[in-house]
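Pasting input04.cif here (mmCIF, N, CA and C atoms):
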data_run
#
loop_
_atom_site.label_atom_id
_atom_site.label_comp_id
_atom_site.auth_asym_id
_atom_site.auth_seq_id
_atom_site.Cartn_x
_atom_site.Cartn_y
_atom_site.Cartn_z
N GLN A 1 31.05 8.61 -10.75
CA GLN A 1 29.98 9.59 -10.72
C GLN A 1 28.70 8.96 -11.26
N VAL A 2 27.66 9.02 -10.46
CA VAL A 2 26.38 8.43 -10.85
C VAL A 2 25.62 9.41 -11.73
N GLN A 3 25.12 8.90 -12.84
CA GLN A 3 24.30 9.72 -13.74
C GLN A 3 23.03 8.98 -14.09
N LEU A 4 21.94 9.72 -14.08
CA LEU A 4 20.63 9.18 -14.42
C LEU A 4 20.05 10.06 -15.52
N VAL A 5 19.64 9.45 -16.62
CA VAL A 5 19.12 10.22 -17.74
C VAL A 5 17.79 9.62 -18.17
N GLU A 6 16.72 10.40 -17.97
CA GLU A 6 15.37 9.94 -18.32
C GLU A 6 15.05 10.26 -19.78
N SER A 7 14.15 9.47 -20.33
CA SER A 7 13.62 9.72 -21.67
C SER A 7 12.26 9.06 -21.78
N GLY A 8 11.54 9.38 -22.84
CA GLY A 8 10.28 8.72 -23.09
C GLY A 8 9.03 9.52 -22.76
N GLY A 9 9.22 10.70 -22.19
CA GLY A 9 8.06 11.53 -21.89
C GLY A 9 7.43 12.07 -23.17
N GLY A 10 6.26 12.67 -23.01
CA GLY A 10 5.58 13.23 -24.17
C GLY A 10 4.16 13.60 -23.84
N SER A 11 3.38 13.87 -24.87
CA SER A 11 1.98 14.25 -24.72
C SER A 11 1.09 13.14 -25.28
N VAL A 12 0.13 12.72 -24.49
CA VAL A 12 -0.81 11.69 -24.91
C VAL A 12 -2.21 12.08 -24.46
N GLN A 13 -3.19 11.43 -25.06
CA GLN A 13 -4.56 11.63 -24.62
C GLN A 13 -4.88 10.66 -23.48
N ALA A 14 -5.86 11.02 -22.70
CA ALA A 14 -6.30 10.16 -21.61
C ALA A 14 -6.61 8.77 -22.12
N GLY A 15 -6.17 7.78 -21.36
CA GLY A 15 -6.36 6.39 -21.77
C GLY A 15 -5.16 5.83 -22.52
N GLY A 16 -4.25 6.69 -22.92
CA GLY A 16 -3.07 6.25 -23.66
C GLY A 16 -1.98 5.70 -22.76
N SER A 17 -0.86 5.36 -23.39
CA SER A 17 0.26 4.76 -22.68
C SER A 17 1.57 5.44 -23.06
N LEU A 18 2.50 5.38 -22.12
CA LEU A 18 3.86 5.83 -22.36
C LEU A 18 4.80 4.92 -21.58
N ARG A 19 6.01 4.78 -22.07
CA ARG A 19 7.03 4.07 -21.30
C ARG A 19 8.22 4.99 -21.10
N LEU A 20 8.51 5.27 -19.85
CA LEU A 20 9.66 6.07 -19.50
C LEU A 20 10.88 5.18 -19.29
N SER A 21 12.03 5.68 -19.69
CA SER A 21 13.29 4.97 -19.48
C SER A 21 14.24 5.84 -18.69
N CYS A 22 15.11 5.20 -17.94
CA CYS A 22 16.14 5.92 -17.18
C CYS A 22 17.44 5.15 -17.35
N ALA A 23 18.38 5.74 -18.07
CA ALA A 23 19.69 5.14 -18.26
C ALA A 23 20.56 5.46 -17.06
N VAL A 24 21.09 4.42 -16.43
CA VAL A 24 21.85 4.57 -15.19
C VAL A 24 23.32 4.24 -15.45
N SER A 25 24.20 5.11 -15.00
CA SER A 25 25.63 4.84 -15.12
C SER A 25 26.33 5.24 -13.84
N GLY A 26 27.43 4.54 -13.53
CA GLY A 26 28.26 4.88 -12.39
C GLY A 26 27.78 4.36 -11.05
N LEU A 27 26.70 3.61 -11.03
CA LEU A 27 26.17 3.09 -9.76
C LEU A 27 26.85 1.76 -9.47
N ARG A 28 27.74 1.75 -8.48
CA ARG A 28 28.58 0.57 -8.21
C ARG A 28 28.06 -0.28 -7.07
N ASP A 29 27.06 0.19 -6.36
CA ASP A 29 26.59 -0.54 -5.20
C ASP A 29 25.96 -1.87 -5.59
N SER A 30 26.17 -2.86 -4.75
CA SER A 30 25.57 -4.17 -5.03
C SER A 30 24.11 -4.21 -4.64
N SER A 31 23.72 -3.31 -3.77
CA SER A 31 22.32 -3.26 -3.35
C SER A 31 21.84 -1.82 -3.39
N TYR A 32 20.74 -1.59 -4.04
CA TYR A 32 20.21 -0.24 -4.14
C TYR A 32 18.71 -0.32 -4.39
N CYS A 33 18.10 0.83 -4.29
CA CYS A 33 16.69 0.96 -4.62
C CYS A 33 16.58 2.04 -5.70
N MET A 34 15.77 1.79 -6.70
CA MET A 34 15.54 2.76 -7.76
C MET A 34 14.09 3.18 -7.72
N GLY A 35 13.85 4.43 -8.06
CA GLY A 35 12.47 4.90 -8.00
C GLY A 35 12.11 5.91 -9.06
N TRP A 36 10.82 6.03 -9.27
CA TRP A 36 10.26 7.09 -10.12
C TRP A 36 9.44 8.01 -9.22
N PHE A 37 9.66 9.30 -9.39
CA PHE A 37 8.93 10.31 -8.65
C PHE A 37 8.34 11.29 -9.68
N ARG A 38 7.37 12.07 -9.25
CA ARG A 38 6.80 13.05 -10.16
C ARG A 38 6.41 14.31 -9.40
N GLN A 39 6.40 15.41 -10.15
CA GLN A 39 6.00 16.69 -9.56
C GLN A 39 5.13 17.43 -10.55
N ALA A 40 3.90 17.67 -10.13
CA ALA A 40 2.96 18.44 -10.94
C ALA A 40 3.10 19.91 -10.58
N PRO A 41 2.70 20.81 -11.48
CA PRO A 41 2.81 22.25 -11.20
C PRO A 41 2.07 22.62 -9.92
N GLY A 42 2.75 23.32 -9.05
CA GLY A 42 2.13 23.78 -7.81
C GLY A 42 2.00 22.73 -6.74
N LYS A 43 2.55 21.54 -6.99
CA LYS A 43 2.45 20.46 -6.00
C LYS A 43 3.84 19.99 -5.60
N GLU A 44 3.90 19.30 -4.47
CA GLU A 44 5.15 18.73 -4.03
C GLU A 44 5.46 17.47 -4.83
N ARG A 45 6.75 17.16 -4.89
CA ARG A 45 7.15 15.93 -5.57
C ARG A 45 6.68 14.73 -4.77
N GLU A 46 6.21 13.70 -5.46
CA GLU A 46 5.69 12.51 -4.79
C GLU A 46 6.28 11.25 -5.41
N GLY A 47 6.38 10.22 -4.59
CA GLY A 47 6.86 8.95 -5.08
C GLY A 47 5.80 8.23 -5.88
N VAL A 48 6.19 7.64 -6.98
CA VAL A 48 5.27 6.92 -7.86
C VAL A 48 5.47 5.41 -7.73
N ALA A 49 6.72 4.98 -7.84
CA ALA A 49 7.02 3.55 -7.78
C ALA A 49 8.50 3.37 -7.46
N VAL A 50 8.80 2.29 -6.73
CA VAL A 50 10.18 1.96 -6.41
C VAL A 50 10.41 0.47 -6.62
N VAL A 51 11.68 0.12 -6.88
CA VAL A 51 12.05 -1.29 -7.03
C VAL A 51 13.44 -1.48 -6.45
N THR A 52 13.62 -2.59 -5.74
CA THR A 52 14.91 -2.89 -5.14
C THR A 52 15.70 -3.82 -6.05
N THR A 53 16.98 -4.00 -5.73
CA THR A 53 17.79 -4.94 -6.50
C THR A 53 17.23 -6.35 -6.40
N GLY A 54 16.52 -6.63 -5.31
CA GLY A 54 15.90 -7.94 -5.15
C GLY A 54 14.60 -8.10 -5.91
N GLY A 55 14.13 -6.99 -6.51
CA GLY A 55 12.92 -7.06 -7.32
C GLY A 55 11.64 -6.70 -6.59
N SER A 56 11.74 -6.31 -5.33
CA SER A 56 10.53 -5.89 -4.61
C SER A 56 10.07 -4.53 -5.12
N THR A 57 8.77 -4.38 -5.28
CA THR A 57 8.23 -3.13 -5.81
C THR A 57 7.17 -2.55 -4.88
N ARG A 58 7.02 -1.25 -4.98
CA ARG A 58 5.94 -0.55 -4.29
C ARG A 58 5.40 0.53 -5.21
N TYR A 59 4.12 0.80 -5.09
CA TYR A 59 3.47 1.78 -5.95
C TYR A 59 2.60 2.71 -5.11
N ALA A 60 2.50 3.93 -5.59
CA ALA A 60 1.53 4.85 -5.00
C ALA A 60 0.13 4.33 -5.31
N ASP A 61 -0.80 4.54 -4.39
CA ASP A 61 -2.16 4.05 -4.59
C ASP A 61 -2.77 4.60 -5.89
N SER A 62 -2.39 5.81 -6.24
CA SER A 62 -2.98 6.46 -7.40
C SER A 62 -2.57 5.81 -8.74
N VAL A 63 -1.52 4.99 -8.72
CA VAL A 63 -1.06 4.39 -9.98
C VAL A 63 -1.12 2.87 -9.97
N LYS A 64 -1.50 2.28 -8.86
CA LYS A 64 -1.57 0.82 -8.78
C LYS A 64 -2.49 0.26 -9.84
N GLY A 65 -2.01 -0.78 -10.51
CA GLY A 65 -2.81 -1.41 -11.56
C GLY A 65 -2.67 -0.75 -12.92
N ARG A 66 -2.04 0.43 -12.96
CA ARG A 66 -1.86 1.14 -14.23
C ARG A 66 -0.39 1.27 -14.61
N PHE A 67 0.48 1.45 -13.62
CA PHE A 67 1.90 1.65 -13.86
C PHE A 67 2.68 0.41 -13.44
N THR A 68 3.77 0.15 -14.15
CA THR A 68 4.65 -0.96 -13.79
C THR A 68 6.10 -0.50 -13.85
N ILE A 69 6.81 -0.68 -12.75
CA ILE A 69 8.23 -0.36 -12.71
C ILE A 69 9.03 -1.63 -12.96
N SER A 70 10.11 -1.51 -13.72
CA SER A 70 10.95 -2.67 -13.99
C SER A 70 12.37 -2.19 -14.26
N GLN A 71 13.29 -3.13 -14.22
CA GLN A 71 14.68 -2.76 -14.49
C GLN A 71 15.35 -3.84 -15.31
N ASP A 72 16.21 -3.42 -16.20
CA ASP A 72 17.00 -4.33 -17.01
C ASP A 72 18.45 -4.15 -16.55
N ASN A 73 18.91 -5.07 -15.73
CA ASN A 73 20.24 -4.93 -15.15
C ASN A 73 21.33 -5.04 -16.21
N ALA A 74 21.09 -5.83 -17.23
CA ALA A 74 22.09 -5.98 -18.30
C ALA A 74 22.27 -4.66 -19.06
N GLU A 75 21.17 -3.92 -19.19
CA GLU A 75 21.22 -2.66 -19.92
C GLU A 75 21.36 -1.45 -19.00
N ASN A 76 21.39 -1.71 -17.67
CA ASN A 76 21.46 -0.61 -16.70
C ASN A 76 20.38 0.43 -16.96
N THR A 77 19.17 -0.05 -17.12
CA THR A 77 18.06 0.84 -17.44
C THR A 77 16.87 0.53 -16.55
N LEU A 78 16.24 1.60 -16.08
CA LEU A 78 15.03 1.52 -15.29
C LEU A 78 13.87 1.97 -16.17
N TYR A 79 12.73 1.29 -16.04
CA TYR A 79 11.57 1.63 -16.86
C TYR A 79 10.35 1.93 -15.98
N LEU A 80 9.44 2.70 -16.57
CA LEU A 80 8.13 2.89 -15.97
C LEU A 80 7.11 2.81 -17.10
N GLN A 81 6.39 1.70 -17.15
CA GLN A 81 5.33 1.54 -18.12
C GLN A 81 4.06 2.15 -17.55
N MET A 82 3.50 3.10 -18.27
CA MET A 82 2.32 3.81 -17.78
C MET A 82 1.17 3.58 -18.74
N ASN A 83 0.14 2.92 -18.25
CA ASN A 83 -1.06 2.64 -19.05
C ASN A 83 -2.25 3.37 -18.47
N SER A 84 -3.30 3.45 -19.25
CA SER A 84 -4.54 4.10 -18.82
C SER A 84 -4.26 5.45 -18.19
N LEU A 85 -3.49 6.24 -18.88
CA LEU A 85 -3.08 7.52 -18.32
C LEU A 85 -4.27 8.46 -18.14
N LYS A 86 -4.18 9.26 -17.08
CA LYS A 86 -5.22 10.22 -16.74
C LYS A 86 -4.62 11.63 -16.74
N PRO A 87 -5.45 12.64 -16.92
CA PRO A 87 -4.93 14.02 -16.87
C PRO A 87 -4.18 14.32 -15.57
N GLU A 88 -4.61 13.71 -14.48
CA GLU A 88 -3.92 13.96 -13.21
C GLU A 88 -2.55 13.31 -13.12
N ASP A 89 -2.17 12.53 -14.13
CA ASP A 89 -0.81 11.99 -14.19
C ASP A 89 0.17 12.99 -14.80
N THR A 90 -0.35 14.10 -15.30
CA THR A 90 0.51 15.12 -15.88
C THR A 90 1.49 15.65 -14.85
N ALA A 91 2.77 15.57 -15.17
CA ALA A 91 3.82 15.98 -14.23
C ALA A 91 5.18 15.83 -14.88
N MET A 92 6.19 16.37 -14.21
CA MET A 92 7.57 16.07 -14.55
C MET A 92 7.93 14.79 -13.79
N TYR A 93 8.46 13.82 -14.51
CA TYR A 93 8.80 12.55 -13.90
C TYR A 93 10.31 12.43 -13.76
N TYR A 94 10.73 12.03 -12.55
CA TYR A 94 12.14 11.92 -12.23
C TYR A 94 12.51 10.50 -11.85
N CYS A 95 13.67 10.09 -12.31
CA CYS A 95 14.27 8.83 -11.90
C CYS A 95 15.24 9.13 -10.76
N ALA A 96 15.33 8.24 -9.78
CA ALA A 96 16.22 8.47 -8.64
C ALA A 96 16.82 7.16 -8.15
N ALA A 97 18.00 7.27 -7.55
CA ALA A 97 18.71 6.09 -7.03
C ALA A 97 19.02 6.25 -5.56
N TYR A 98 18.78 5.18 -4.82
CA TYR A 98 19.05 5.11 -3.37
C TYR A 98 20.20 4.13 -3.22
N PRO A 99 21.43 4.64 -3.08
CA PRO A 99 22.59 3.74 -2.99
C PRO A 99 22.74 3.12 -1.61
N ASN A 100 23.56 2.09 -1.52
CA ASN A 100 23.84 1.43 -0.23
C ASN A 100 22.56 1.03 0.48
N PHE A 101 21.60 0.58 -0.27
CA PHE A 101 20.33 0.19 0.33
C PHE A 101 20.48 -1.13 1.05
N ASN A 102 20.00 -1.18 2.28
CA ASN A 102 20.03 -2.42 3.06
C ASN A 102 18.97 -3.36 2.50
N PRO A 103 19.37 -4.49 1.94
CA PRO A 103 18.40 -5.40 1.33
C PRO A 103 17.36 -5.93 2.30
N ARG A 104 17.64 -5.83 3.60
CA ARG A 104 16.66 -6.23 4.59
C ARG A 104 15.78 -5.06 5.00
N GLY A 105 16.07 -3.91 4.41
CA GLY A 105 15.34 -2.72 4.78
C GLY A 105 14.07 -2.53 3.96
N TYR A 106 13.50 -1.37 4.12
CA TYR A 106 12.22 -1.04 3.48
C TYR A 106 12.44 0.16 2.57
N CYS A 107 12.23 -0.02 1.29
CA CYS A 107 12.36 1.09 0.35
C CYS A 107 10.99 1.72 0.16
N SER A 108 10.82 2.90 0.72
CA SER A 108 9.51 3.53 0.67
C SER A 108 9.42 4.49 -0.51
N LEU A 109 8.29 5.13 -0.61
CA LEU A 109 8.07 6.09 -1.69
C LEU A 109 8.47 7.51 -1.29
N SER A 110 9.10 7.64 -0.13
CA SER A 110 9.59 8.96 0.25
C SER A 110 10.94 9.21 -0.40
N GLU A 111 11.36 10.46 -0.42
CA GLU A 111 12.63 10.81 -1.05
C GLU A 111 13.84 10.50 -0.19
N ALA A 112 13.62 10.19 1.07
CA ALA A 112 14.73 9.93 1.98
C ALA A 112 15.60 8.79 1.46
N GLY A 113 16.90 9.05 1.37
CA GLY A 113 17.84 8.04 0.91
C GLY A 113 18.14 8.09 -0.57
N PHE A 114 17.28 8.75 -1.34
CA PHE A 114 17.51 8.85 -2.79
C PHE A 114 18.48 10.02 -3.04
N ASP A 115 19.74 9.67 -3.21
CA ASP A 115 20.79 10.68 -3.31
C ASP A 115 21.04 11.17 -4.73
N TYR A 116 20.64 10.39 -5.71
CA TYR A 116 20.94 10.74 -7.10
C TYR A 116 19.64 10.89 -7.89
N TRP A 117 19.60 11.95 -8.71
CA TRP A 117 18.37 12.28 -9.45
C TRP A 117 18.69 12.62 -10.90
N GLY A 118 17.77 12.26 -11.78
CA GLY A 118 17.88 12.68 -13.16
C GLY A 118 17.30 14.08 -13.34
N GLN A 119 17.31 14.54 -14.58
CA GLN A 119 16.86 15.90 -14.87
C GLN A 119 15.35 15.97 -15.09
N GLY A 120 14.73 14.82 -15.26
CA GLY A 120 13.28 14.78 -15.43
C GLY A 120 12.85 14.71 -16.88
N THR A 121 11.66 14.15 -17.08
CA THR A 121 11.04 14.10 -18.40
C THR A 121 9.56 14.42 -18.23
N GLN A 122 9.04 15.28 -19.09
CA GLN A 122 7.68 15.78 -18.93
C GLN A 122 6.66 14.82 -19.53
N VAL A 123 5.62 14.57 -18.77
CA VAL A 123 4.48 13.78 -19.25
C VAL A 123 3.24 14.66 -19.17
N THR A 124 2.54 14.79 -20.29
CA THR A 124 1.33 15.60 -20.34
C THR A 124 0.19 14.75 -20.89
N VAL A 125 -0.88 14.66 -20.11
CA VAL A 125 -2.04 13.85 -20.50
C VAL A 125 -3.23 14.78 -20.68
N SER A 126 -3.78 14.78 -21.86
CA SER A 126 -4.93 15.65 -22.16
C SER A 126 -6.22 14.86 -22.11
N SER A 127 -7.29 15.56 -21.74
CA SER A 127 -8.59 14.88 -21.61
C SER A 127 -9.35 14.90 -22.93
#

Would you write the structure of this file as structure tokens?
Amino acid sequence: QVQLVESGGGSVQAGGSLRLSCAVSGLRDSSYCMGWFRQAPGKEREGVAVVTTGGSTRYADSVKGRFTISQDNAENTLYLQMNSLKPEDTAMYYCAAYPNFNPRGYCSLSEAGFDYWGQGTQVTVSS
């Protein structure tokens, strides 16, 4: 059974930083894609950043240059380092896993293929 547990959310002022963590257990696939998504009040959930087992990454235009996704395979943990935070980054942030990912394929920022989700961690950025 795959479980994803996020932590690290909180309240910060604009310009501050946070690092989100996602503890992953039960994921047995040799190839997968991991991602961070977020949902602000009244808005649809959107992809923020993804990373494949091969280390390829993609970012939403709105976070490029400010956010960094990474993974520690030894610790089975996914991270999202968020710098220069803006009020518009306020949202519930979710970790997700795309199992059986074709390493020759394309891991996009859409939710398609992401079968496993964490419960979310709230990030609030004040101006």

Find, counting only N, CA and C atoms, the residue in A:Val12, A:Leu109, A:Ser21, A:Val5 that gets nearest to Arg58 in chain A.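 Once distances to Arg58 in chain A are computed over only N, CA and C atoms, the minimum belongs to A:Leu109.
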
Apply the PyMOL selection byres ((chain A and resi 28-32) around 6.5) to the file shown and report the selected residues as a list in words.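 The output of the PyMOL selection byres ((chain A and resi 28-32) around 6.5) on this file is Gly26, Leu27, Cys33, Met34, Val51, Thr52, Thr53, Tyr98, Pro99, Asn100, Phe101, Asn102 and Pro103 of chain A.
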
Please provide the set of residues having any atom within 6.5 Å of Thr77 in chain A, restricted to all atoms listed in the file, with same-chain residues fewer than 3 positions apart removed, written as an NGL selection string. :A and (21-24 or 70-74)

Would you please work out which residue, of A:Ser62, A:Val125, A:Tyr116, A:Gln81, is nearest to Gln3 in chain A when using all atoms listed in the file?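 Under the stated criterion, the closest residue is A:Tyr116.
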
If you take all atoms listed in the file and a cut-off of 6 Å, which residues of range 43-94 of chain A touch range 117-120 of chain A, and what are their nearest atom pairs and distances in Å to one decimal, in chain and number order, as CSV?
residue,atom,partner,partner_atom,distance
A:Met92,C,A:Gly120,CA,5.6
A:Tyr93,C,A:Gly120,CA,4.1
A:Tyr94,CA,A:Gly120,CA,4.4

Centre and edge lengths of an axis-aligned box around all listed atoms of range 3-20 of chain A, with 5 Å added on each side, are to be given in Å to one decimal, as JSON.
{"center_x": 9.3, "center_y": 9.2, "center_z": -19.1, "size_x": 41.7, "size_y": 20.2, "size_z": 22.4}

If we count all atoms listed in the file and set the cut-off at 5 Å, which residues sit around Ile69 in chain A, ignoring sequence neighbours fewer than 2 positions away in its own chain? Please answer as a PyMOL selection string. chain A and resi 67+71+79-80

Please, what distance in Å, to one decimal, runs between CA of Asp115 in chain A and CA of Val63 in chain A?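 These two atoms are separated by 23.7 Å.
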
If the PyMOL selection byres ((chain A and resi 41) around 8) is run on the structure shown, which residues does it catch, given as an MDAnalysis selection string? chainID A and resid 38:40 42:44 90:92

Would you list, as a ChimeraX atom specification, the residues of range 7-88 of chain A that end up in strand (DSSP E or B) under DSSP run on this structure's backbone? /A:7,10-13,18-25,33-39,46-52,57-59,67-72,77-82

Non-local contacts of Tyr59 in chain A (6 Å; only N, CA and C atoms; under 4 positions in same chain excluded) as a list in words: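 Returned residues: Val48, Ala49, Val50, Val63 and Lys64 of chain A.
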
So what do you get for CA of Gly8 in chain A versus CA of Arg66 in chain A, distance-wise? 16.8 Å

Point-to-point distance in Å for atom N of Arg45 in chain A and CA of Gly15 in chain A: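 Straight-line distance from CA of Gly15 in chain A to atom N of Arg45 in chain A works out to 23.9 Å.
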
Of A:Gly65, A:Gly105, A:Gly35, A:Gly47, the one nearest to Leu78 in chain A when counting all atoms listed in the file is A:Gly35
